[in-house]
Amino acid sequence: MSKIIKVLKTNCLILSRKRSCLIVFKRDFGSHYLFFNTHQKLSKQYICTIKPKNKMRLFLNCLFFIVVTTAFSQEKTTSENAPKVKIDSLYREDQFYFGVSYNTLRSTPQGFSKNKLSAGFTGGFLRDMPINKKRTIAVATGVGFTYNNYIQNIAISGSDEVPVYTLLNGTVNYSKNKFSQFLVDVPIEFRWRTSTYESTKFWRIYSGFKCSYLVSDRSIFNTPAAHTKITGNKDFNRFLYGAYISAGYNTINVYAYYGLNSIFKSGAVNGEILKMKPLNVGVIFYIL
């Protein structure tokens with residue numbers, strides 16, 4: 001770092017660098033300047049004569065030299081003293097999730113059909129708990145929610161205590177027929193991934209088991225003559241469970257849920273007991 005070391009008798013200026021020293025000495029007589037270079041022997045002197053009109057130019061050049069070298073040295077010092085960012089080697093991955101799915105039903109009665117696209121939404125928090133040193137294998141559990149909507153041709157009428165199920169055919173005129181469920185989920189899953197603490201883009205395969213509790217439900221059946229809405233249907237199974245899997249790269253992943261027990265615990269249509277089980281396929285997003 002260049003700096004002024006000292007001034008001798010107001011007419012000697014010393015500029016110092018790491019490997020060289022330049023002395024500008026104004027003699028008491030004439031306009032002679034004496035230069036020394038520490039890379040060579042002090043006995044070797046360089047004497048030059050500078051005209052009076054160039055004195056100001058010499059002074060400005062020396063000042064410019066000081067300012068520039070000082071600026072570069074400060075920049076180097078700042079970069080050397082900059083705080084180093086610590087990398088968290090005890091990282092966790094994918095603790096929040098949100099998914100969108102296409103809902104369908106299995107084990108349906110004869111004559112059953114879907115009318116429109118039935119969509120579902122899921123989201124929640126999972127505590128990631130790595131079980132190996134590289135943190136590429138983990139287990140996770142937490143809590144979430146699921147909203148499932150089913151648009152099909154089984155009408156639910158009557159009341160919540162005594163629901164009536166009717167299989168609609170082409171002769172019945174209706175504008176809307178569906179039922180929906182809102183559930184609280186408790187999933188537990190096994191995780192494999194290729195993540196590192198330096199990158200957020202990696203491959204993953206997560207599979208697990210999910211238990212759900214039915215918080216609320218609603219059935220709607222609208223015809224030109226009547227509008228029927230039923231909530232708290234006693235025939236719905238309050239506890240549902242099933243297996244699921246998700247796989248993909250980076251943020252977007254495919255997702256599938258396979259229900260293992262029936263949505264209905266009782267109820268029949270045309271003498272056939274309702275044993276419909278959910279099958280949901282879609283995409284799921286992971287963050288943090």
# chains A, B, ... in the order shown; residues from 1 in each chain; ligands from 1
$ select_by_dssp --residues "stretch 59-219 of chain A" --states "strand (DSSP E or B)" --output "ChimeraX atom specification"
/A:96-106,114,119-130,137-152,154-158,163-167,176-193,196,199,203-219
$ closest_residue --among "A:Gly158, A:Gly123, A:Pro130, A:Pro109" --to "A:Asn270" --atoms "only C-alpha atoms"
A:Pro109
$ residues_around --residues "A:Leu168" --least-positions-apart "6" --cutoff "9 Å" --atoms "only C-alpha atoms" --output "list in words"
Gly111, Phe112, Asn153, Ile154 and Ala155 of chain A
$ decode --residues "stretch 204-215 of chain A" --atoms "all heavy atoms" --output "JSON list (two decimals), in the first residue's frame"
[["chain", "number", "residue", "atom", "x", "y", "z"],
["A", 204, "ARG", "N", -35.47, -36.55, -6.88],
["A", 204, "ARG", "CA", -36.06, -37.05, -5.64],
["A", 204, "ARG", "C", -37.10, -38.14, -5.95],
["A", 204, "ARG", "O", -37.77, -38.11, -6.98],
["A", 204, "ARG", "CB", -36.72, -35.92, -4.85],
["A", 204, "ARG", "CG", -37.88, -35.27, -5.56],
["A", 204, "ARG", "CD", -38.64, -34.32, -4.65],
["A", 204, "ARG", "NE", -37.86, -33.19, -4.21],
["A", 204, "ARG", "CZ", -37.62, -32.11, -4.96],
["A", 204, "ARG", "NH1", -38.06, -32.05, -6.19],
["A", 204, "ARG", "NH2", -36.93, -31.10, -4.48],
["A", 205, "ILE", "N", -37.22, -39.07, -5.02],
["A", 205, "ILE", "CA", -38.31, -40.05, -5.00],
["A", 205, "ILE", "C", -38.78, -40.17, -3.55],
["A", 205, "ILE", "O", -38.00, -40.58, -2.68],
["A", 205, "ILE", "CB", -37.86, -41.43, -5.54],
["A", 205, "ILE", "CG1", -37.38, -41.34, -6.99],
["A", 205, "ILE", "CG2", -39.01, -42.44, -5.43],
["A", 205, "ILE", "CD1", -36.84, -42.65, -7.53],
["A", 206, "TYR", "N", -40.02, -39.78, -3.31],
["A", 206, "TYR", "CA", -40.59, -39.84, -1.97],
["A", 206, "TYR", "C", -41.81, -40.77, -2.01],
["A", 206, "TYR", "O", -42.65, -40.66, -2.91],
["A", 206, "TYR", "CB", -41.05, -38.46, -1.49],
["A", 206, "TYR", "CG", -39.95, -37.43, -1.36],
["A", 206, "TYR", "CD1", -40.26, -36.07, -1.23],
["A", 206, "TYR", "CD2", -38.60, -37.79, -1.36],
["A", 206, "TYR", "CE1", -39.26, -35.12, -1.11],
["A", 206, "TYR", "CE2", -37.61, -36.85, -1.23],
["A", 206, "TYR", "CZ", -37.94, -35.51, -1.11],
["A", 206, "TYR", "OH", -36.94, -34.57, -0.99],
["A", 207, "SER", "N", -41.91, -41.64, -1.05],
["A", 207, "SER", "CA", -43.09, -42.51, -0.96],
["A", 207, "SER", "C", -43.49, -42.61, 0.50],
["A", 207, "SER", "O", -42.65, -42.52, 1.40],
["A", 207, "SER", "CB", -42.80, -43.90, -1.54],
["A", 207, "SER", "OG", -41.76, -44.54, -0.80],
["A", 208, "GLY", "N", -44.79, -42.81, 0.72],
["A", 208, "GLY", "CA", -45.23, -42.85, 2.09],
["A", 208, "GLY", "C", -46.66, -43.32, 2.26],
["A", 208, "GLY", "O", -47.31, -43.80, 1.32],
["A", 209, "PHE", "N", -47.12, -43.15, 3.48],
["A", 209, "PHE", "CA", -48.46, -43.57, 3.89],
["A", 209, "PHE", "C", -49.14, -42.38, 4.55],
["A", 209, "PHE", "O", -48.51, -41.65, 5.33],
["A", 209, "PHE", "CB", -48.35, -44.75, 4.86],
["A", 209, "PHE", "CG", -49.66, -45.37, 5.23],
["A", 209, "PHE", "CD1", -50.26, -46.30, 4.41],
["A", 209, "PHE", "CD2", -50.29, -45.01, 6.41],
["A", 209, "PHE", "CE1", -51.48, -46.87, 4.75],
["A", 209, "PHE", "CE2", -51.50, -45.59, 6.77],
["A", 209, "PHE", "CZ", -52.10, -46.51, 5.93],
["A", 210, "LYS", "N", -50.42, -42.21, 4.25],
["A", 210, "LYS", "CA", -51.12, -41.04, 4.76],
["A", 210, "LYS", "C", -52.45, -41.44, 5.39],
["A", 210, "LYS", "O", -53.25, -42.16, 4.79],
["A", 210, "LYS", "CB", -51.37, -40.04, 3.62],
["A", 210, "LYS", "CG", -52.12, -38.79, 4.03],
["A", 210, "LYS", "CD", -52.09, -37.74, 2.93],
["A", 210, "LYS", "CE", -52.86, -38.15, 1.72],
["A", 210, "LYS", "NZ", -52.93, -37.07, 0.70],
["A", 211, "CYS", "N", -52.67, -40.96, 6.61],
["A", 211, "CYS", "CA", -53.95, -41.12, 7.30],
["A", 211, "CYS", "C", -54.69, -39.78, 7.28],
["A", 211, "CYS", "O", -54.08, -38.74, 7.53],
["A", 211, "CYS", "CB", -53.75, -41.57, 8.74],
["A", 211, "CYS", "SG", -52.99, -43.20, 8.91],
["A", 212, "SER", "N", -55.98, -39.82, 7.00],
["A", 212, "SER", "CA", -56.75, -38.59, 6.86],
["A", 212, "SER", "C", -58.03, -38.67, 7.69],
["A", 212, "SER", "O", -58.64, -39.75, 7.81],
["A", 212, "SER", "CB", -57.11, -38.33, 5.39],
["A", 212, "SER", "OG", -55.94, -38.28, 4.59],
["A", 213, "TYR", "N", -58.41, -37.51, 8.21],
["A", 213, "TYR", "CA", -59.67, -37.41, 8.96],
["A", 213, "TYR", "C", -60.59, -36.44, 8.25],
["A", 213, "TYR", "O", -60.19, -35.30, 7.93],
["A", 213, "TYR", "CB", -59.40, -36.93, 10.39],
["A", 213, "TYR", "CG", -60.67, -36.76, 11.20],
["A", 213, "TYR", "CD1", -61.33, -37.86, 11.73],
["A", 213, "TYR", "CD2", -61.21, -35.48, 11.41],
["A", 213, "TYR", "CE1", -62.50, -37.71, 12.47],
["A", 213, "TYR", "CE2", -62.37, -35.33, 12.15],
["A", 213, "TYR", "CZ", -63.02, -36.45, 12.66],
["A", 213, "TYR", "OH", -64.18, -36.29, 13.38],
["A", 214, "LEU", "N", -61.81, -36.86, 7.99],
["A", 214, "LEU", "CA", -62.79, -36.03, 7.29],
["A", 214, "LEU", "C", -63.33, -34.96, 8.23],
["A", 214, "LEU", "O", -64.02, -35.27, 9.20],
["A", 214, "LEU", "CB", -63.93, -36.91, 6.76],
["A", 214, "LEU", "CG", -65.05, -36.20, 6.00],
["A", 214, "LEU", "CD1", -64.50, -35.51, 4.75],
["A", 214, "LEU", "CD2", -66.16, -37.18, 5.64],
["A", 215, "VAL", "N", -63.01, -33.70, 7.91],
["A", 215, "VAL", "CA", -63.46, -32.58, 8.73],
["A", 215, "VAL", "C", -64.84, -32.09, 8.29],
["A", 215, "VAL", "O", -65.72, -31.82, 9.11],
["A", 215, "VAL", "CB", -62.44, -31.43, 8.67],
["A", 215, "VAL", "CG1", -62.93, -30.21, 9.45],
["A", 215, "VAL", "CG2", -61.09, -31.89, 9.20]]
